[in-house]
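What follows is upload-v9.cif (mmCIF, C-alpha atoms).
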data_upload
#
loop_
_atom_site.group_PDB
_atom_site.id
_atom_site.type_symbol
_atom_site.label_atom_id
_atom_site.label_comp_id
_atom_site.auth_asym_id
_atom_site.auth_seq_id
_atom_site.Cartn_x
_atom_site.Cartn_y
_atom_site.Cartn_z
ATOM 1 C CA SER A 1 -73.064 -45.192 7.106
ATOM 2 C CA GLY A 2 -72.782 -44.836 3.334
ATOM 3 C CA THR A 3 -74.353 -45.818 0.048
ATOM 4 C CA THR A 4 -72.770 -49.261 -0.029
ATOM 5 C CA GLY A 5 -71.466 -51.693 2.532
ATOM 6 C CA THR A 6 -70.300 -55.223 3.079
ATOM 7 C CA PHE A 7 -71.107 -57.118 6.281
ATOM 8 C CA SER A 8 -69.748 -60.330 7.696
ATOM 9 C CA GLY A 9 -71.466 -62.140 10.540
ATOM 10 C CA ALA A 10 -74.858 -61.223 11.978
ATOM 11 C CA VAL A 11 -76.555 -57.879 11.496
ATOM 12 C CA SER A 12 -79.484 -57.078 13.782
ATOM 13 C CA GLY A 13 -81.943 -54.256 14.194
ATOM 14 C CA THR A 14 -85.636 -53.433 14.334
ATOM 15 C CA THR A 15 -86.047 -51.759 10.951
ATOM 16 C CA GLY A 16 -83.983 -51.062 7.906
ATOM 17 C CA THR A 17 -84.377 -48.880 4.846
ATOM 18 C CA PHE A 18 -82.501 -49.441 1.603
ATOM 19 C CA THR A 19 -82.617 -47.096 -1.349
ATOM 20 C CA GLY A 20 -80.757 -49.481 -3.639
ATOM 21 C CA ASP A 21 -80.393 -53.220 -4.206
ATOM 22 C CA VAL A 22 -79.813 -55.784 -1.481
ATOM 23 C CA ASP A 23 -77.480 -58.499 -2.742
ATOM 24 C CA ILE A 24 -77.955 -61.979 -1.242
ATOM 25 C CA ALA A 25 -75.793 -64.912 -2.224
ATOM 26 C CA ASP A 26 -78.253 -67.717 -1.478
ATOM 27 C CA LYS A 27 -81.253 -67.303 0.828
ATOM 28 C CA ILE A 28 -83.432 -65.228 3.114
ATOM 29 C CA VAL A 29 -84.197 -67.095 6.351
ATOM 30 C CA HIS A 30 -87.204 -66.562 8.587
ATOM 31 C CA THR A 31 -86.057 -65.504 12.059
ATOM 32 C CA GLY A 32 -86.477 -68.318 14.582
ATOM 33 C CA ASP A 33 -87.750 -70.628 11.814
ATOM 34 C CA THR A 34 -84.637 -71.576 9.911
ATOM 35 C CA ASN A 35 -86.309 -74.247 7.761
ATOM 36 C CA THR A 36 -88.517 -71.626 6.055
ATOM 37 C CA VAL A 37 -86.530 -69.674 3.472
ATOM 38 C CA ILE A 38 -86.590 -67.857 0.156
ATOM 39 C CA ARG A 39 -83.705 -69.064 -1.984
ATOM 40 C CA PHE A 40 -81.883 -68.227 -5.208
ATOM 41 C CA PRO A 41 -80.408 -71.667 -5.975
ATOM 42 C CA SER A 42 -79.275 -70.921 -9.524
ATOM 43 C CA ALA A 43 -79.337 -68.197 -12.152
ATOM 44 C CA ASP A 44 -82.783 -66.733 -12.880
ATOM 45 C CA THR A 45 -84.435 -69.096 -10.378
ATOM 46 C CA VAL A 46 -86.328 -68.351 -7.153
ATOM 47 C CA THR A 47 -87.635 -70.964 -4.699
ATOM 48 C CA VAL A 48 -89.609 -71.026 -1.464
ATOM 49 C CA GLU A 49 -88.905 -73.708 1.135
ATOM 50 C CA THR A 50 -91.139 -74.639 4.066
ATOM 51 C CA ASN A 51 -90.385 -77.258 6.717
ATOM 52 C CA GLY A 52 -86.977 -77.762 5.128
ATOM 53 C CA ALA A 53 -88.294 -78.791 1.704
ATOM 54 C CA GLU A 54 -88.870 -76.878 -1.496
ATOM 55 C CA ALA A 55 -92.544 -75.987 -2.015
ATOM 56 C CA ILE A 56 -92.528 -73.492 -4.907
ATOM 57 C CA ARG A 57 -90.128 -72.716 -7.729
ATOM 58 C CA VAL A 58 -90.068 -70.085 -10.477
ATOM 59 C CA ASP A 59 -87.525 -71.347 -12.997
ATOM 60 C CA SER A 60 -85.403 -69.561 -15.562
ATOM 61 C CA SER A 61 -88.206 -69.833 -18.148
ATOM 62 C CA GLN A 62 -90.594 -68.100 -15.691
ATOM 63 C CA ARG A 63 -92.599 -71.306 -15.189
ATOM 64 C CA PHE A 64 -94.313 -71.613 -11.793
ATOM 65 C CA LEU A 65 -93.666 -75.096 -10.374
ATOM 66 C CA LEU A 66 -95.595 -76.421 -7.384
ATOM 67 C CA GLY A 67 -94.426 -79.698 -5.856
ATOM 68 C CA THR A 68 -91.717 -80.273 -8.462
ATOM 69 C CA THR A 69 -88.274 -78.871 -9.223
ATOM 70 C CA SER A 70 -88.177 -79.835 -12.893
ATOM 71 C CA ALA A 71 -90.691 -78.655 -15.484
ATOM 72 C CA ARG A 72 -92.278 -81.088 -17.919
ATOM 73 C CA THR A 73 -92.112 -80.140 -21.582
ATOM 74 C CA ASP A 74 -94.545 -80.692 -24.433
ATOM 75 C CA VAL A 75 -97.280 -81.708 -21.985
ATOM 76 C CA ALA A 76 -100.328 -83.059 -23.870
ATOM 77 C CA LEU A 77 -98.489 -81.931 -27.034
ATOM 78 C CA ILE A 78 -99.483 -78.324 -26.386
ATOM 79 C CA GLY A 79 -96.174 -76.968 -25.065
ATOM 80 C CA ASP A 80 -94.498 -76.206 -21.735
ATOM 81 C CA PRO A 81 -97.208 -74.924 -19.358
ATOM 82 C CA TYR A 82 -96.242 -71.928 -17.219
ATOM 83 C CA PHE A 83 -98.074 -73.418 -14.226
ATOM 84 C CA GLN A 84 -97.241 -77.003 -13.286
ATOM 85 C CA GLN A 85 -98.279 -78.917 -10.179
ATOM 86 C CA GLU A 86 -97.288 -82.442 -9.158
ATOM 87 C CA GLY A 87 -97.860 -84.556 -6.078
ATOM 88 C CA LEU A 88 -98.065 -88.038 -4.592
ATOM 89 C CA SER A 89 -101.534 -87.872 -3.014
ATOM 90 C CA SER A 90 -105.012 -86.493 -3.540
ATOM 91 C CA ASP A 91 -103.945 -83.450 -1.526
ATOM 92 C CA THR A 92 -100.859 -82.542 -3.550
ATOM 93 C CA GLY A 93 -102.259 -83.886 -6.829
ATOM 94 C CA GLY A 94 -105.559 -82.013 -6.673
ATOM 95 C CA MET A 95 -106.877 -78.473 -6.901
ATOM 96 C CA SER A 96 -110.055 -76.948 -5.495
ATOM 97 C CA ILE A 97 -111.932 -73.706 -6.090
ATOM 98 C CA ILE A 98 -114.440 -73.004 -3.318
ATOM 99 C CA ARG A 99 -116.789 -70.035 -3.029
ATOM 100 C CA ASN A 100 -118.376 -69.115 0.302
ATOM 101 C CA THR A 101 -121.354 -66.816 -0.135
ATOM 102 C CA ASN A 102 -124.954 -66.722 1.064
ATOM 103 C CA SER A 103 -126.411 -66.951 -2.442
ATOM 104 C CA ALA A 104 -126.995 -69.432 -5.234
ATOM 105 C CA ALA A 105 -123.745 -68.432 -6.978
ATOM 106 C CA GLY A 106 -120.889 -70.917 -7.204
ATOM 107 C CA ALA A 107 -117.194 -70.941 -8.006
ATOM 108 C CA TYR A 108 -115.787 -70.309 -11.492
ATOM 109 C CA LEU A 109 -113.060 -71.657 -13.719
ATOM 110 C CA VAL A 110 -112.753 -69.339 -16.723
ATOM 111 C CA LEU A 111 -110.919 -70.209 -19.952
ATOM 112 C CA GLY A 112 -110.744 -67.226 -22.293
ATOM 113 C CA LYS A 113 -109.579 -66.518 -25.830
ATOM 114 C CA THR A 114 -109.054 -63.405 -27.976
ATOM 115 C CA ARG A 115 -107.540 -62.891 -31.421
ATOM 116 C CA GLY A 116 -105.278 -60.172 -30.024
ATOM 117 C CA THR A 117 -101.486 -60.215 -30.182
ATOM 118 C CA SER A 118 -100.763 -58.606 -26.804
ATOM 119 C CA ASP A 119 -101.810 -59.053 -23.197
ATOM 120 C CA GLY A 120 -105.050 -57.264 -22.357
ATOM 121 C CA SER A 121 -106.411 -57.477 -25.916
ATOM 122 C CA ASN A 122 -110.132 -57.862 -26.695
ATOM 123 C CA THR A 123 -109.848 -58.593 -30.424
ATOM 124 C CA ILE A 124 -112.970 -60.503 -31.473
ATOM 125 C CA VAL A 125 -112.826 -64.247 -32.111
ATOM 126 C CA GLN A 126 -114.141 -65.971 -35.248
ATOM 127 C CA ASP A 127 -116.398 -68.904 -36.098
ATOM 128 C CA ASP A 128 -114.850 -72.299 -35.222
ATOM 129 C CA ASP A 129 -112.208 -70.739 -32.937
ATOM 130 C CA THR A 130 -111.322 -72.912 -29.945
ATOM 131 C CA ILE A 131 -112.003 -70.998 -26.737
ATOM 132 C CA GLY A 132 -110.685 -73.533 -24.262
ATOM 133 C CA SER A 133 -110.054 -77.227 -23.718
ATOM 134 C CA ILE A 134 -109.679 -79.616 -20.832
ATOM 135 C CA LEU A 135 -107.169 -82.287 -21.834
ATOM 136 C CA PHE A 136 -106.627 -85.627 -20.113
ATOM 137 C CA ALA A 137 -103.018 -86.783 -20.571
ATOM 138 C CA PRO A 138 -102.034 -90.160 -19.040
ATOM 139 C CA ALA A 139 -98.483 -91.479 -18.826
ATOM 140 C CA ASP A 140 -97.662 -93.981 -21.577
ATOM 141 C CA GLY A 141 -94.398 -95.191 -20.045
ATOM 142 C CA ASN A 142 -92.420 -92.438 -21.775
ATOM 143 C CA ASP A 143 -94.113 -89.141 -20.928
ATOM 144 C CA VAL A 144 -97.498 -87.461 -20.471
ATOM 145 C CA ASN A 145 -97.592 -85.941 -23.938
ATOM 146 C CA GLN A 146 -100.484 -87.961 -25.389
ATOM 147 C CA VAL A 147 -104.159 -87.124 -24.823
ATOM 148 C CA CYS A 148 -106.735 -89.879 -24.247
ATOM 149 C CA ALA A 149 -109.784 -87.578 -24.096
ATOM 150 C CA SER A 150 -110.677 -83.898 -24.140
ATOM 151 C CA LEU A 151 -113.546 -81.469 -23.721
ATOM 152 C CA THR A 152 -113.483 -78.361 -25.917
ATOM 153 C CA ALA A 153 -115.560 -75.184 -26.257
ATOM 154 C CA ILE A 154 -115.642 -73.555 -29.712
ATOM 155 C CA ILE A 155 -117.391 -70.649 -31.403
ATOM 156 C CA ASP A 156 -120.413 -71.967 -33.313
ATOM 157 C CA GLY A 157 -121.544 -69.129 -35.563
ATOM 158 C CA THR A 158 -120.623 -65.528 -36.281
ATOM 159 C CA PRO A 159 -119.720 -63.661 -33.071
ATOM 160 C CA GLY A 160 -120.506 -60.017 -32.406
ATOM 161 C CA SER A 161 -120.682 -57.548 -29.540
ATOM 162 C CA ASN A 162 -122.197 -59.424 -26.569
ATOM 163 C CA ASP A 163 -123.059 -62.272 -28.990
ATOM 164 C CA VAL A 164 -120.795 -65.309 -28.799
ATOM 165 C CA PRO A 165 -122.573 -68.515 -29.954
ATOM 166 C CA GLY A 166 -120.775 -71.585 -28.673
ATOM 167 C CA ALA A 167 -120.644 -75.353 -28.958
ATOM 168 C CA LEU A 168 -119.266 -77.983 -26.602
ATOM 169 C CA THR A 169 -117.419 -80.924 -28.153
ATOM 170 C CA PHE A 170 -116.341 -84.266 -26.680
ATOM 171 C CA GLN A 171 -113.275 -86.085 -28.009
ATOM 172 C CA THR A 172 -111.786 -89.517 -27.239
ATOM 173 C CA THR A 173 -108.752 -91.371 -28.561
ATOM 174 C CA ALA A 174 -109.392 -94.772 -30.121
ATOM 175 C CA ASP A 175 -107.396 -97.847 -29.111
ATOM 176 C CA GLY A 176 -104.191 -97.685 -31.126
ATOM 177 C CA GLY A 177 -104.718 -93.995 -31.888
ATOM 178 C CA SER A 178 -102.469 -91.104 -30.886
ATOM 179 C CA GLN A 179 -104.900 -88.178 -30.969
ATOM 180 C CA PRO A 180 -108.501 -87.711 -29.783
ATOM 181 C CA THR A 181 -111.217 -87.229 -32.373
ATOM 182 C CA GLU A 182 -114.663 -85.724 -31.893
ATOM 183 C CA LYS A 183 -117.381 -88.177 -30.873
ATOM 184 C CA ALA A 184 -120.196 -85.884 -29.714
ATOM 185 C CA ARG A 185 -121.228 -82.227 -29.842
ATOM 186 C CA ILE A 186 -123.787 -79.883 -28.313
ATOM 187 C CA THR A 187 -124.367 -77.020 -30.753
ATOM 188 C CA SER A 188 -125.255 -73.403 -30.051
ATOM 189 C CA ALA A 189 -128.885 -74.321 -30.861
ATOM 190 C CA GLY A 190 -128.856 -76.994 -28.139
ATOM 191 C CA LEU A 191 -128.811 -79.889 -30.634
ATOM 192 C CA PHE A 192 -126.928 -82.976 -29.456
ATOM 193 C CA GLY A 193 -125.050 -84.952 -32.077
ATOM 194 C CA ILE A 194 -123.354 -88.315 -31.509
ATOM 195 C CA GLY A 195 -121.097 -89.280 -34.393
ATOM 196 C CA THR A 196 -121.848 -85.999 -36.178
ATOM 197 C CA ASN A 197 -120.672 -82.405 -35.703
ATOM 198 C CA ALA A 198 -123.669 -80.946 -37.544
ATOM 199 C CA PRO A 199 -126.868 -82.343 -35.985
ATOM 200 C CA VAL A 200 -130.171 -80.956 -37.265
ATOM 201 C CA ASN A 201 -132.338 -82.707 -34.664
ATOM 202 C CA LEU A 202 -132.526 -82.381 -30.889
ATOM 203 C CA LEU A 203 -130.784 -85.770 -30.661
ATOM 204 C CA GLN A 204 -129.066 -87.192 -33.719
ATOM 205 C CA VAL A 205 -126.984 -90.391 -33.826
ATOM 206 C CA GLU A 206 -124.860 -91.273 -36.847
ATOM 207 C CA GLY A 207 -122.393 -94.039 -37.585
ATOM 208 C CA SER A 208 -121.947 -97.380 -39.233
ATOM 209 C CA ALA A 209 -124.958 -99.406 -38.029
ATOM 210 C CA PRO A 210 -125.482 -97.205 -34.931
ATOM 211 C CA VAL A 211 -127.215 -98.779 -31.944
ATOM 212 C CA ILE A 212 -129.036 -97.056 -29.080
ATOM 213 C CA ALA A 213 -129.738 -99.331 -26.113
ATOM 214 C CA ILE A 214 -132.175 -98.620 -23.272
ATOM 215 C CA ARG A 215 -131.048 -101.032 -20.599
ATOM 216 C CA ASP A 216 -132.797 -101.825 -17.329
ATOM 217 C CA THR A 217 -130.113 -103.317 -15.065
ATOM 218 C CA ALA A 218 -132.545 -104.795 -12.507
ATOM 219 C CA SER A 219 -133.438 -108.500 -12.572
ATOM 220 C CA HIS A 220 -136.980 -109.110 -13.839
ATOM 221 C CA SER A 221 -139.452 -111.896 -13.639
ATOM 222 C CA ALA A 222 -141.553 -112.914 -16.634
ATOM 223 C CA TYR A 223 -143.766 -110.200 -18.109
ATOM 224 C CA SER A 224 -142.106 -107.313 -16.277
ATOM 225 C CA ASN A 225 -140.916 -104.113 -17.900
ATOM 226 C CA GLY A 226 -137.339 -104.113 -19.126
ATOM 227 C CA GLY A 227 -137.030 -100.642 -20.631
ATOM 228 C CA LYS A 228 -139.295 -97.760 -21.599
ATOM 229 C CA LEU A 229 -139.367 -94.951 -24.121
ATOM 230 C CA TYR A 230 -142.039 -92.376 -23.292
ATOM 231 C CA PHE A 231 -143.403 -89.546 -25.439
ATOM 232 C CA GLN A 232 -144.454 -86.621 -23.272
ATOM 233 C CA GLY A 233 -145.883 -83.150 -23.664
ATOM 234 C CA LYS A 234 -147.961 -80.528 -21.877
ATOM 235 C CA ASP A 235 -151.753 -80.635 -21.749
ATOM 236 C CA SER A 236 -153.995 -77.578 -22.063
ATOM 237 C CA ASP A 237 -153.320 -76.720 -18.405
ATOM 238 C CA GLY A 238 -149.567 -76.786 -18.884
ATOM 239 C CA ASN A 239 -149.093 -80.075 -17.017
ATOM 240 C CA VAL A 240 -146.594 -82.591 -18.389
ATOM 241 C CA LYS A 241 -148.296 -85.813 -19.424
ATOM 242 C CA THR A 242 -147.163 -89.041 -21.082
ATOM 243 C CA PHE A 243 -149.173 -89.495 -24.275
ATOM 244 C CA GLY A 244 -147.612 -92.735 -25.484
ATOM 245 C CA GLY A 245 -144.782 -95.143 -25.046
ATOM 246 C CA ILE A 246 -142.818 -98.113 -26.302
ATOM 247 C CA LEU A 247 -141.875 -100.837 -23.813
ATOM 248 C CA GLY A 248 -139.528 -103.776 -23.892
ATOM 249 C CA VAL A 249 -140.977 -106.547 -21.726
ATOM 250 C CA SER A 250 -139.417 -109.812 -20.562
ATOM 251 C CA GLN A 251 -141.551 -112.742 -21.648
ATOM 252 C CA SER A 252 -139.208 -115.320 -20.104
ATOM 253 C CA SER A 253 -135.490 -115.519 -19.291
ATOM 254 C CA ASN A 254 -134.518 -115.565 -22.970
ATOM 255 C CA ASN A 255 -137.585 -114.120 -24.670
ATOM 256 C CA GLY A 256 -139.060 -110.650 -24.907
ATOM 257 C CA GLN A 257 -141.955 -108.576 -26.169
ATOM 258 C CA LEU A 258 -142.342 -105.125 -27.653
ATOM 259 C CA ARG A 259 -145.434 -103.137 -26.647
ATOM 260 C CA LEU A 260 -146.893 -99.933 -28.068
ATOM 261 C CA GLN A 261 -148.984 -97.815 -25.671
ATOM 262 C CA THR A 262 -151.315 -94.825 -25.854
ATOM 263 C CA ARG A 263 -153.011 -92.804 -23.138
ATOM 264 C CA THR A 264 -156.706 -92.761 -22.379
ATOM 265 C CA GLY A 265 -157.710 -90.508 -19.511
ATOM 266 C CA GLY A 266 -154.953 -90.901 -16.936
ATOM 267 C CA THR A 267 -153.916 -94.405 -17.940
ATOM 268 C CA LEU A 268 -151.549 -95.900 -20.491
ATOM 269 C CA TYR A 269 -152.950 -98.919 -22.352
ATOM 270 C CA ASP A 270 -151.094 -101.606 -24.264
ATOM 271 C CA ARG A 271 -152.479 -101.230 -27.792
ATOM 272 C CA LEU A 272 -150.167 -103.472 -29.766
ATOM 273 C CA THR A 273 -147.824 -106.245 -28.642
ATOM 274 C CA ILE A 274 -145.335 -108.261 -30.642
ATOM 275 C CA ASN A 275 -144.317 -111.326 -28.652
ATOM 276 C CA ALA A 276 -141.289 -113.568 -28.814
ATOM 277 C CA SER A 277 -142.729 -115.773 -31.556
ATOM 278 C CA GLY A 278 -143.525 -112.778 -33.740
ATOM 279 C CA ALA A 279 -147.273 -112.981 -33.134
ATOM 280 C CA THR A 280 -148.880 -109.544 -33.017
ATOM 281 C CA GLY A 281 -151.678 -108.747 -30.626
ATOM 282 C CA ILE A 282 -153.917 -105.690 -30.808
ATOM 283 C CA GLY A 283 -155.465 -105.111 -27.414
ATOM 284 C CA THR A 284 -153.817 -108.253 -26.017
ATOM 285 C CA ASP A 285 -150.308 -108.999 -24.828
ATOM 286 C CA ASN A 286 -150.677 -112.759 -25.169
ATOM 287 C CA ALA A 287 -151.410 -113.333 -28.829
ATOM 288 C CA LYS A 288 -151.638 -116.998 -29.744
ATOM 289 C CA ALA A 289 -152.285 -116.641 -33.460
ATOM 290 C CA GLN A 290 -149.415 -117.011 -35.873
ATOM 291 C CA TYR A 291 -149.560 -113.425 -37.076
ATOM 292 C CA LEU A 292 -152.355 -111.256 -35.639
ATOM 293 C CA GLN A 293 -154.816 -111.481 -32.776
ATOM 294 C CA VAL A 294 -157.268 -108.788 -31.676
ATOM 295 C CA GLY A 295 -158.539 -108.441 -28.098
ATOM 296 C CA LEU A 296 -159.560 -105.862 -25.520
ATOM 297 C CA PRO A 297 -156.999 -103.189 -24.529
ATOM 298 C CA LYS A 298 -155.133 -103.739 -21.266
ATOM 299 C CA ALA A 299 -154.106 -100.975 -18.877
ATOM 300 C CA GLN A 300 -150.387 -100.742 -18.090
ATOM 301 C CA PRO A 301 -149.664 -100.805 -14.348
ATOM 302 C CA GLY A 302 -147.829 -97.781 -13.013
ATOM 303 C CA SER A 303 -149.032 -95.411 -15.734
ATOM 304 C CA VAL A 304 -147.593 -91.905 -15.791
#
Would you mind writing the file out in structure tokens?
Amino acid sequence: SGTTGTFSGAVSGTTGTFTGDVDIADKIVHTGDTNTVIRFPSADTVTVETNGAEAIRVDSSQRFLLGTTSARTDVALIGDPYFQQEGLSSDTGGMSIIRNTNSAAGAYLVLGKTRGTSDGSNTIVQDDDTIGSILFAPADGNDVNQVCASLTAIIDGTPGSNDVPGALTFQTTADGGSQPTEKARITSAGLFGIGTNAPVNLLQVEGSAPVIAIRDTASHSAYSNGGKLYFQGKDSDGNVKTFGGILGVSQSSNNGQLRLQTRTGGTLYDRLTINASGATGIGTDNAKAQYLQVGLPKAQPGSV
């Protein structure tokens, strides 16, 4: 007995109590399971091995490494992450968060931000502060430091107590580029901007000669619908109805029509049709005149 002691060989017993440090040169081995150990392979480093192979490492910079013994640096150009995971399969290269509860609630992944300078701070953020980002960093043959796309949440307005207006931004990196730039944004007002970070309409598209395509990928015979744009609203009973629409219609394999519709009763009628030759028909979808032909309105099959 005594306050200190040095042992050589095996020491056995059922329990042990130490009031000071226990010095171990290399590893702690699980009894009867010698390929499961806790090791101290180098200065300021702790590892856990299972089945004879290293599973977890905390390195000298206090980074937690799962599936790797060497930390990557400057990942996605943001620094040296304190949690790093690597693997060779979907099992070791993936992460899941699963919630089991008899309710509608699901799992959470929370990214937080304060303007504090110490752990545990709640110092309020400011307008345009980035709250969190998901970065996608592919290997370029040298490293995984470049980002090809990202999703970012920012403050979109003046925050206050229990009042944190936010926007969601979408960034991609152009071919030949080195950094992602913003391509789309959903503002705190719910406005969706493509090519603009300050939309003033529910959907706003900006750019050099911007194009919006409504594409029907099914194969169509002549005079079948190829794409639709409907204008809907609620009637006096609160039921959603389609009040009008614009249709693209195949006239033949290489020709098309544009039709304007309005609703009468429960049916949409073709009111105006511009065919492949540029002839315009009012109340007819088969205008023969060079410019304008008027006929009786035709109901559109499958009205909504």
Axis-aligned box for all listed atoms of region 178-192 of chain A, 4 Å per side, centre and edges in Å to one decimal, as AutoDock Vina command-line options:
--center_x -115.7 --center_y -82.3 --center_z -30.3 --size_x 34.4 --size_y 25.7 --size_z 12.2
Nearest to Ser250 (chain A), chosen from A:Phe40, A:Tyr223, A:Tyr230, A:Tyr269, with all atoms listed in the file counted in the distances:
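The shortest atom-to-atom distance to Ser250 (chain A) comes from A:Tyr223.
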Residues around (-123.4, -80.7, -21.2), cut-off 10 Å, counting all atoms listed in the file - what are they as a list in words?
Ala167, Leu168, Thr169, Phe170, Arg185, Ile186, Gly190 and Phe192 of chain A
Would you export the selected residues with C-alpha atoms as a CSV table (one decimal), in the frame of the given file, please?
chain,number,residue,atom,x,y,z
A,167,ALA,CA,-120.6,-75.4,-29.0
A,168,LEU,CA,-119.3,-78.0,-26.6
A,169,THR,CA,-117.4,-80.9,-28.2
A,170,PHE,CA,-116.3,-84.3,-26.7
A,185,ARG,CA,-121.2,-82.2,-29.8
A,186,ILE,CA,-123.8,-79.9,-28.3
A,190,GLY,CA,-128.9,-77.0,-28.1
A,192,PHE,CA,-126.9,-83.0,-29.5
Using only C-alpha atoms, which of the listed residues (A:Gly226, A:Gly112, A:Pro180, A:Gly132) sits closest to Ser150 (chain A)?
A:Pro180
If you measure from CA of Gln257 (chain A) to CA of Val294 (chain A), what distance in Å do you get, rounded to one decimal?
16.3 Å
Of A:Asp33, A:Lys228, A:Gly283, A:Thr123, the one sitting nearest Arg215 (chain A) when using only C-alpha atoms is A:Lys228
Could you pull the residues within 10 Å of Gln126 (chain A), counting all atoms listed in the file, minus those fewer than 6 positions along the same chain, as an NGL selection string?
:A and (114-115 or 154-160 or 164)
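Picked by the PyMOL selection byres ((chain A and resi 54) around 10) from the coordinates shown: Asn35, Thr36, Val37, Ile38, Arg39, Thr47, Val48, Glu49, Thr50, Asn51, Gly52, Ala53, Ala55, Ile56, Arg57, Leu66, Gly67, Thr68 and Thr69 of chain A.
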Top pick for closest residue to Ala43 (chain A), considering A:Thr31, A:Asn122, A:Ser221, A:Ser61 and counting all atoms listed in the file:
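Of A:Thr31, A:Asn122, A:Ser221, A:Ser61, the one nearest Ala43 (chain A), counting all atoms listed in the file, is A:Ser61.
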Could you work out how far CA of Asp216 (chain A) lies from CA of Leu268 (chain A), giving the answer in Å with one decimal?
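Here the two named atoms are 19.9 Å from each other.
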If you count all atoms listed in the file, the residue of A:Ala184, A:Val249, A:Ile194, A:Leu272 closest to Val211 (chain A) turns out to be A:Ile194
Atom pair CA of Thr45 (chain A) / CA of Gln85 (chain A): separation (Å)
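CA of Gln85 (chain A) lies 17.0 Å from CA of Thr45 (chain A).
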Please identify all polymer residues lying at most 9 Å from the point (-97.6, -90.1, -27.1) (file coordinates), using all atoms listed in the file, and present the result as JSON, numbers by chain.
{"A": [76, 77, 139, 140, 142, 143, 144, 145, 146, 147, 178, 179]}
As a check of understanding, name the residues that the PyMOL selection byres ((chain A and resi 80) around 12) selects in the supplied structure, as a PyMOL selection string.
chain A and resi 61-65+70-79+81-84+144-145
